[in-house]
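So this block is data_17.cif, mmCIF, C-alpha atoms:
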```cif
data_protein
#
loop_
_atom_site.group_PDB
_atom_site.id
_atom_site.type_symbol
_atom_site.label_atom_id
_atom_site.label_comp_id
_atom_site.auth_asym_id
_atom_site.auth_seq_id
_atom_site.Cartn_x
_atom_site.Cartn_y
_atom_site.Cartn_z
ATOM 1 C CA MET G 1 20.210 -16.171 -12.188
ATOM 2 C CA LYS G 2 19.210 -18.672 -14.804
ATOM 3 C CA GLU G 3 17.339 -20.964 -12.393
ATOM 4 C CA LEU G 4 15.058 -18.125 -11.245
ATOM 5 C CA GLU G 5 14.511 -16.820 -14.783
ATOM 6 C CA GLU G 6 13.463 -20.277 -15.962
ATOM 7 C CA ARG G 7 11.038 -20.614 -13.063
ATOM 8 C CA ILE G 8 9.516 -17.206 -13.801
ATOM 9 C CA LEU G 9 8.995 -18.210 -17.443
ATOM 10 C CA LYS G 10 7.475 -21.536 -16.394
ATOM 11 C CA ASP G 11 5.251 -20.498 -13.472
ATOM 12 C CA GLY G 12 5.065 -16.685 -13.434
ATOM 13 C CA VAL G 13 1.837 -15.052 -14.536
ATOM 14 C CA VAL G 14 1.816 -11.613 -16.168
ATOM 15 C CA ILE G 15 -1.247 -9.510 -15.317
ATOM 16 C CA ASN G 16 -2.246 -6.521 -17.459
ATOM 17 C CA GLY G 17 1.238 -6.299 -18.931
ATOM 18 C CA GLU G 18 2.680 -4.750 -15.757
ATOM 19 C CA ILE G 19 2.365 -7.117 -12.803
ATOM 20 C CA LEU G 20 4.251 -10.386 -12.453
ATOM 21 C CA LYS G 21 2.536 -12.868 -10.179
ATOM 22 C CA VAL G 22 5.056 -15.300 -8.674
ATOM 23 C CA ASP G 23 3.040 -16.378 -5.683
ATOM 24 C CA SER G 24 3.318 -20.090 -6.502
ATOM 25 C CA PHE G 25 7.040 -20.096 -5.675
ATOM 26 C CA ILE G 26 8.173 -16.781 -4.115
ATOM 27 C CA ASN G 27 5.694 -14.767 -2.102
ATOM 28 C CA HIS G 28 2.699 -16.892 -1.120
ATOM 29 C CA GLN G 29 3.971 -20.421 -1.468
ATOM 30 C CA ILE G 30 7.760 -20.587 -1.237
ATOM 31 C CA ASP G 31 10.025 -23.024 -3.052
ATOM 32 C CA VAL G 32 12.640 -23.319 -0.298
ATOM 33 C CA LYS G 33 15.347 -24.808 -2.518
ATOM 34 C CA LEU G 34 14.936 -21.922 -4.972
ATOM 35 C CA LEU G 35 14.817 -19.451 -2.065
ATOM 36 C CA ASN G 36 18.158 -20.776 -0.842
ATOM 37 C CA SER G 37 19.717 -20.455 -4.308
ATOM 38 C CA ILE G 38 18.411 -16.897 -4.675
ATOM 39 C CA CYS G 39 19.764 -15.852 -1.273
ATOM 40 C CA ALA G 40 23.173 -17.394 -1.976
ATOM 41 C CA TYR G 41 23.273 -15.314 -5.163
ATOM 42 C CA LEU G 42 22.084 -12.098 -3.485
ATOM 43 C CA THR G 43 24.647 -12.265 -0.682
ATOM 44 C CA LYS G 44 27.763 -13.522 -2.479
ATOM 45 C CA ASP G 45 29.251 -10.034 -3.003
ATOM 46 C CA PHE G 46 28.596 -8.727 0.506
ATOM 47 C CA LYS G 47 30.924 -9.146 3.489
ATOM 48 C CA ASP G 48 31.033 -7.752 7.007
ATOM 49 C CA ILE G 49 27.295 -7.121 7.299
ATOM 50 C CA ASP G 50 25.999 -6.422 10.808
ATOM 51 C CA LYS G 51 22.290 -6.591 10.100
ATOM 52 C CA ILE G 52 19.758 -7.363 7.384
ATOM 53 C CA LEU G 53 16.752 -5.085 7.037
ATOM 54 C CA THR G 54 13.574 -5.986 5.174
ATOM 55 C CA ILE G 55 9.893 -5.143 5.163
ATOM 56 C CA GLU G 56 7.026 -7.362 6.193
ATOM 57 C CA THR G 57 5.775 -9.767 5.003
ATOM 58 C CA SER G 58 7.213 -11.282 1.840
ATOM 59 C CA GLY G 59 10.736 -10.033 2.456
ATOM 60 C CA ILE G 60 11.122 -11.896 5.744
ATOM 61 C CA ALA G 61 11.813 -15.335 4.261
ATOM 62 C CA PHE G 62 14.480 -13.875 1.961
ATOM 63 C CA ALA G 63 16.089 -11.913 4.800
ATOM 64 C CA VAL G 64 16.238 -14.925 7.110
ATOM 65 C CA CYS G 65 17.726 -17.131 4.398
ATOM 66 C CA ALA G 66 20.214 -14.386 3.445
ATOM 67 C CA SER G 67 21.230 -14.177 7.104
ATOM 68 C CA GLU G 68 22.198 -17.834 7.073
ATOM 69 C CA HIS G 69 24.437 -17.213 4.053
ATOM 70 C CA LEU G 70 26.106 -14.288 5.827
ATOM 71 C CA GLY G 71 26.788 -16.092 9.101
ATOM 72 C CA ASP G 72 23.480 -15.893 10.965
ATOM 73 C CA ILE G 73 23.400 -12.146 11.501
ATOM 74 C CA PRO G 74 20.309 -10.461 12.985
ATOM 75 C CA VAL G 75 17.321 -9.740 10.751
ATOM 76 C CA VAL G 76 15.069 -6.746 11.360
ATOM 77 C CA PHE G 77 11.833 -6.200 9.518
ATOM 78 C CA ALA G 78 9.939 -2.969 9.189
ATOM 79 C CA LYS G 79 6.329 -3.308 10.270
ATOM 80 C CA LYS G 80 3.503 -2.014 8.116
ATOM 81 C CA SER G 81 0.755 -2.475 10.648
ATOM 82 C CA LYS G 82 0.128 -0.808 13.973
ATOM 83 C CA SER G 83 0.461 -2.818 17.148
ATOM 84 C CA LYS G 84 -0.328 -2.172 20.789
ATOM 85 C CA ILE G 85 3.101 -3.519 21.748
ATOM 86 C CA VAL G 86 5.080 -1.039 19.621
ATOM 87 C CA ASP G 87 6.240 2.082 21.460
ATOM 88 C CA THR G 88 5.469 4.673 18.780
ATOM 89 C CA THR G 89 7.725 7.238 20.466
ATOM 90 C CA ASN G 90 10.837 5.118 19.987
ATOM 91 C CA VAL G 91 10.643 4.157 16.309
ATOM 92 C CA TYR G 92 11.935 5.267 12.945
ATOM 93 C CA THR G 93 9.164 5.732 10.402
ATOM 94 C CA SER G 94 8.907 6.177 6.671
ATOM 95 C CA GLN G 95 6.136 6.291 4.082
ATOM 96 C CA VAL G 96 6.108 3.531 1.461
ATOM 97 C CA LYS G 97 3.828 3.285 -1.570
ATOM 98 C CA SER G 98 2.999 -0.231 -2.730
ATOM 99 C CA PHE G 99 2.905 -0.578 -6.512
ATOM 100 C CA THR G 100 0.750 -3.716 -6.492
ATOM 101 C CA ARG G 101 -1.656 -2.602 -3.767
ATOM 102 C CA ASP G 102 -1.678 1.101 -4.701
ATOM 103 C CA ILE G 103 -1.637 2.186 -1.059
ATOM 104 C CA ILE G 104 0.761 4.148 1.126
ATOM 105 C CA SER G 105 1.838 2.531 4.381
ATOM 106 C CA THR G 106 3.751 3.952 7.298
ATOM 107 C CA ILE G 107 6.539 1.520 8.102
ATOM 108 C CA THR G 108 8.195 1.435 11.505
ATOM 109 C CA VAL G 109 11.375 0.016 12.984
ATOM 110 C CA ASP G 110 12.149 0.114 16.690
ATOM 111 C CA LYS G 111 15.187 2.336 17.301
ATOM 112 C CA ARG G 112 16.806 -0.399 19.402
ATOM 113 C CA TYR G 113 17.220 -2.635 16.351
ATOM 114 C CA VAL G 114 18.941 -0.388 13.788
ATOM 115 C CA LYS G 115 21.808 1.686 15.150
ATOM 116 C CA LYS G 116 24.334 4.256 14.087
ATOM 117 C CA GLY G 117 27.341 2.786 12.322
ATOM 118 C CA GLU G 118 25.815 -0.656 11.703
ATOM 119 C CA ARG G 119 26.474 -2.058 8.231
ATOM 120 C CA VAL G 120 23.062 -2.957 6.843
ATOM 121 C CA LEU G 121 22.066 -5.014 3.815
ATOM 122 C CA ILE G 122 18.509 -4.434 2.592
ATOM 123 C CA ILE G 123 16.815 -7.565 1.247
ATOM 124 C CA ASP G 124 13.377 -7.957 -0.327
ATOM 125 C CA ASP G 125 11.436 -10.265 -2.604
ATOM 126 C CA PHE G 126 10.453 -7.797 -5.327
ATOM 127 C CA MET G 127 11.325 -4.369 -6.659
ATOM 128 C CA ALA G 128 9.241 -2.295 -9.058
ATOM 129 C CA GLU G 129 9.513 1.442 -8.430
ATOM 130 C CA GLY G 130 11.872 0.858 -5.497
ATOM 131 C CA ASN G 131 9.582 2.400 -2.904
ATOM 132 C CA ALA G 132 10.033 -0.290 -0.234
ATOM 133 C CA SER G 133 13.824 -0.143 -0.538
ATOM 134 C CA LEU G 134 13.752 3.663 -0.477
ATOM 135 C CA GLY G 135 11.664 3.565 2.707
ATOM 136 C CA LEU G 136 14.185 1.205 4.289
ATOM 137 C CA ILE G 137 17.041 3.445 3.129
ATOM 138 C CA ASP G 138 15.248 6.354 4.818
ATOM 139 C CA ILE G 139 15.040 4.355 8.065
ATOM 140 C CA CYS G 140 18.776 3.572 7.869
ATOM 141 C CA ASP G 141 19.551 7.230 7.217
ATOM 142 C CA GLN G 142 17.520 8.262 10.265
ATOM 143 C CA ALA G 143 19.454 5.747 12.366
ATOM 144 C CA GLY G 144 22.864 6.640 10.948
ATOM 145 C CA ALA G 145 23.314 3.052 9.730
ATOM 146 C CA LEU G 146 25.636 2.353 6.802
ATOM 147 C CA ILE G 147 23.802 0.812 3.859
ATOM 148 C CA GLN G 148 25.956 -1.745 2.083
ATOM 149 C CA GLY G 149 23.512 -2.492 -0.711
ATOM 150 C CA VAL G 150 20.101 -3.758 -1.734
ATOM 151 C CA GLY G 151 19.308 -7.310 -2.788
ATOM 152 C CA VAL G 152 16.009 -8.335 -4.372
ATOM 153 C CA ALA G 153 14.895 -11.658 -5.765
ATOM 154 C CA VAL G 154 13.068 -10.121 -8.747
ATOM 155 C CA GLU G 155 13.181 -6.623 -10.154
ATOM 156 C CA LYS G 156 11.081 -5.030 -12.858
ATOM 157 C CA LYS G 157 13.930 -2.861 -14.097
ATOM 158 C CA PHE G 158 11.693 -0.945 -16.501
ATOM 159 C CA GLN G 159 9.845 0.615 -13.542
ATOM 160 C CA GLY G 160 12.920 2.521 -12.378
ATOM 161 C CA GLY G 161 13.510 1.254 -8.837
ATOM 162 C CA ARG G 162 17.094 0.178 -9.452
ATOM 163 C CA GLU G 163 17.913 3.483 -11.128
ATOM 164 C CA ARG G 164 16.492 5.495 -8.221
ATOM 165 C CA ILE G 165 18.537 3.520 -5.692
ATOM 166 C CA GLU G 166 21.752 3.503 -7.715
ATOM 167 C CA LYS G 167 21.472 7.286 -8.107
ATOM 168 C CA LEU G 168 21.778 7.429 -4.321
ATOM 169 C CA GLY G 169 25.053 5.505 -4.617
ATOM 170 C CA TYR G 170 23.913 2.057 -3.494
ATOM 171 C CA LYS G 171 24.646 -1.258 -5.164
ATOM 172 C CA VAL G 172 21.581 -3.255 -6.275
ATOM 173 C CA VAL G 173 21.720 -7.013 -6.843
ATOM 174 C CA ALA G 174 18.743 -8.830 -8.374
ATOM 175 C CA GLY G 175 18.262 -12.540 -8.918
ATOM 176 C CA ALA G 176 16.183 -11.819 -12.007
ATOM 177 C CA SER G 177 16.056 -8.486 -13.815
ATOM 178 C CA ILE G 178 13.012 -8.034 -16.041
ATOM 179 C CA ILE G 179 13.171 -5.351 -18.742
ATOM 180 C CA GLY G 180 9.595 -5.822 -19.940
ATOM 181 C CA PHE G 181 6.875 -8.252 -20.904
ATOM 182 C CA GLU G 182 6.140 -9.625 -24.367
ATOM 183 C CA ASN G 183 3.339 -12.015 -25.281
ATOM 184 C CA GLY G 184 2.540 -12.599 -21.624
ATOM 185 C CA LYS G 185 6.130 -13.562 -20.714
ATOM 186 C CA ALA G 186 8.956 -11.796 -18.917
ATOM 187 C CA VAL G 187 11.919 -10.532 -20.943
ATOM 188 C CA PHE G 188 15.155 -10.499 -18.956
ATOM 189 C CA ALA G 189 18.183 -8.202 -19.048
ATOM 190 C CA ASP G 190 21.348 -9.828 -20.394
#
```

Written as structure tokens, how would this file's structure read?
Amino acid sequence: MKELEERILKDGVVINGEILKVDSFINHQIDVKLLNSICAYLTKDFKDIDKILTIETSGIAFAVCASEHLGDIPVVFAKKSKSKIVDTTNVYTSQVKSFTRDIISTITVDKRYVKKGERVLIIDDFMAEGNASLGLIDICDQAGALIQGVGVAVEKKFQGGRERIEKLGYKVVAGASIIGFENGKAVFAD
């Protein structure tokens, strides 16, 4: 997606040659017009989706916007934090390692919200090693849901997330696919 690539080159900040900071327009402050363009791109190849699944927090805006492009289907987000209102006996759980935070979180989804046979599209803001998407795939597998694919706004392809997910047989769509960094700038796949 040329529009997203240009914005990354203009406003993205590369940290230590491995982290791309896009918080000025994607995951802290959100450029809503760009968000809408990204979600239109991520959803254009998917039809007959019953539910969108994401992970809190940054993925929620993308999932909600993607839902609008797919006909206002329900959005479910996996929670990373514990809550007194979550019945821990009636949830699917998975372990997810965050590349940027270098921590492992237990994510949970209430069993009432992802069900056997539902066609699920996983949406997120960023993919590095693919751990968040793999955790959401695990949740869908536990539920017996049918994963239709994974859509991410930005992927760092060189960190192997796409490859790990495609090896499982799932389609991955990315708005921007970064193959590395040179001179403090992202280099994109053709």

**Asked** Rounded to one decimal in Å, what is the spacing between CA of Ala153 (chain G) and CA of Ile38 (chain G)?
**Response** 6.4 Å

**Message:** Please list as a list in words every residue within 12 Å of Val187 (chain G), counting all atoms listed in the file and excluding residues in the same chain fewer than 5 positions away.
**Reply:**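 After dropping sequence-adjacent residues, the list is Glu5, Glu6, Ile8, Leu9, Gly12, Val14, Gly17, Leu20, Glu155, Lys156, Lys157, Phe158, Ala176, Ser177, Ile178, Ile179, Gly180, Phe181 and Glu182 of chain G.
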
**Item:** Residues matched by the PyMOL selection byres ((chain G and resi 60) around 10), written as a PyMOL selection string
**Value:** chain G and resi 27+52-59+61-66+75-78+123-125

Take the residues that were just selected and, keeping C-alpha atoms, output them as a JSON list (two decimals), keeping the file's coordinate frame.
```
[["chain", "number", "residue", "atom", "x", "y", "z"],
["G", 27, "ASN", "CA", 5.69, -14.77, -2.10],
["G", 52, "ILE", "CA", 19.76, -7.36, 7.38],
["G", 53, "LEU", "CA", 16.75, -5.08, 7.04],
["G", 54, "THR", "CA", 13.57, -5.99, 5.17],
["G", 55, "ILE", "CA", 9.89, -5.14, 5.16],
["G", 56, "GLU", "CA", 7.03, -7.36, 6.19],
["G", 57, "THR", "CA", 5.78, -9.77, 5.00],
["G", 58, "SER", "CA", 7.21, -11.28, 1.84],
["G", 59, "GLY", "CA", 10.74, -10.03, 2.46],
["G", 61, "ALA", "CA", 11.81, -15.34, 4.26],
["G", 62, "PHE", "CA", 14.48, -13.88, 1.96],
["G", 63, "ALA", "CA", 16.09, -11.91, 4.80],
["G", 64, "VAL", "CA", 16.24, -14.92, 7.11],
["G", 65, "CYS", "CA", 17.73, -17.13, 4.40],
["G", 66, "ALA", "CA", 20.21, -14.39, 3.44],
["G", 75, "VAL", "CA", 17.32, -9.74, 10.75],
["G", 76, "VAL", "CA", 15.07, -6.75, 11.36],
["G", 77, "PHE", "CA", 11.83, -6.20, 9.52],
["G", 78, "ALA", "CA", 9.94, -2.97, 9.19],
["G", 123, "ILE", "CA", 16.82, -7.56, 1.25],
["G", 124, "ASP", "CA", 13.38, -7.96, -0.33],
["G", 125, "ASP", "CA", 11.44, -10.26, -2.60]]
```

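From CA of Asp72 (chain G) back to CA of Tyr92 (chain G), the distance works out to 24.2 Å.
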
**Proximity to Ile104 (chain G) - best of G:Met127, G:Ala132, G:Leu4, G:Val91, all atoms listed in the file** = G:Ala132

**Prompt:** Could you pull the residues within 12 Å of Leu70 (chain G), counting only C-alpha atoms, minus those fewer than 5 positions along the same chain, as a list of chain:residue names?
**Reply:**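 These residues fall inside the cut-off: G:Cys39, G:Ala40, G:Tyr41, G:Leu42, G:Thr43, G:Lys44, G:Asp45, G:Phe46, G:Lys47, G:Asp48, G:Ile49, G:Asp50, G:Lys51, G:Ile52, G:Ala63, G:Val64, G:Cys65, G:Val75, G:Val120, G:Leu121.
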
**Request:** For the structure shown, which residues end up in the PyMOL selection byres ((chain G and resi 22) around 10)? Put them as a PyMOL selection string, please?
**Result:** chain G and resi 7-8+11-14+19-21+23-30+126+154

**Item:** Residue nearest Lys171 (chain G) - candidates G:Ser133, G:Ser105, G:Asn183, G:Ser81, atoms counted: all atoms listed in the file
**Value:** G:Ser133

**Request:** Would you please work out which residue, of G:Gly161, G:Gly144, G:Gly117, G:Gly71, is nearest to Phe99 (chain G) when using all atoms listed in the file?
**Result:**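 Nearest to Phe99 (chain G): G:Gly161.
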
**Asked** Could you work out how far CA of Ala189 (chain G) lies from CA of Arg119 (chain G), giving the answer in Å with one decimal?
**Response** 29.2 Å

**Request:** Please write the residues picked by the PyMOL selection byres ((chain G and resi 93) around 8) on this file as a PyMOL selection string.
**Result:** chain G and resi 91-92+94-95+106-109+139

**Prompt:** Which residue, G:Val173, G:Leu168, G:Leu34, G:Ile103, has the smallest gap to Lys2 (chain G) when you use all atoms listed in the file?
**Reply:** G:Leu34

**Prompt:** So, counting all atoms listed in the file, which residue among G:Glu18, G:Val172, G:Ala143, G:Gly184 is closest to Gln159 (chain G)?
**Reply:** G:Glu18

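Residue nearest Asn131 (chain G), chosen from G:Lys10, G:Arg164, G:Lys33, G:Lys97 and counting only C-alpha atoms: G:Lys97.
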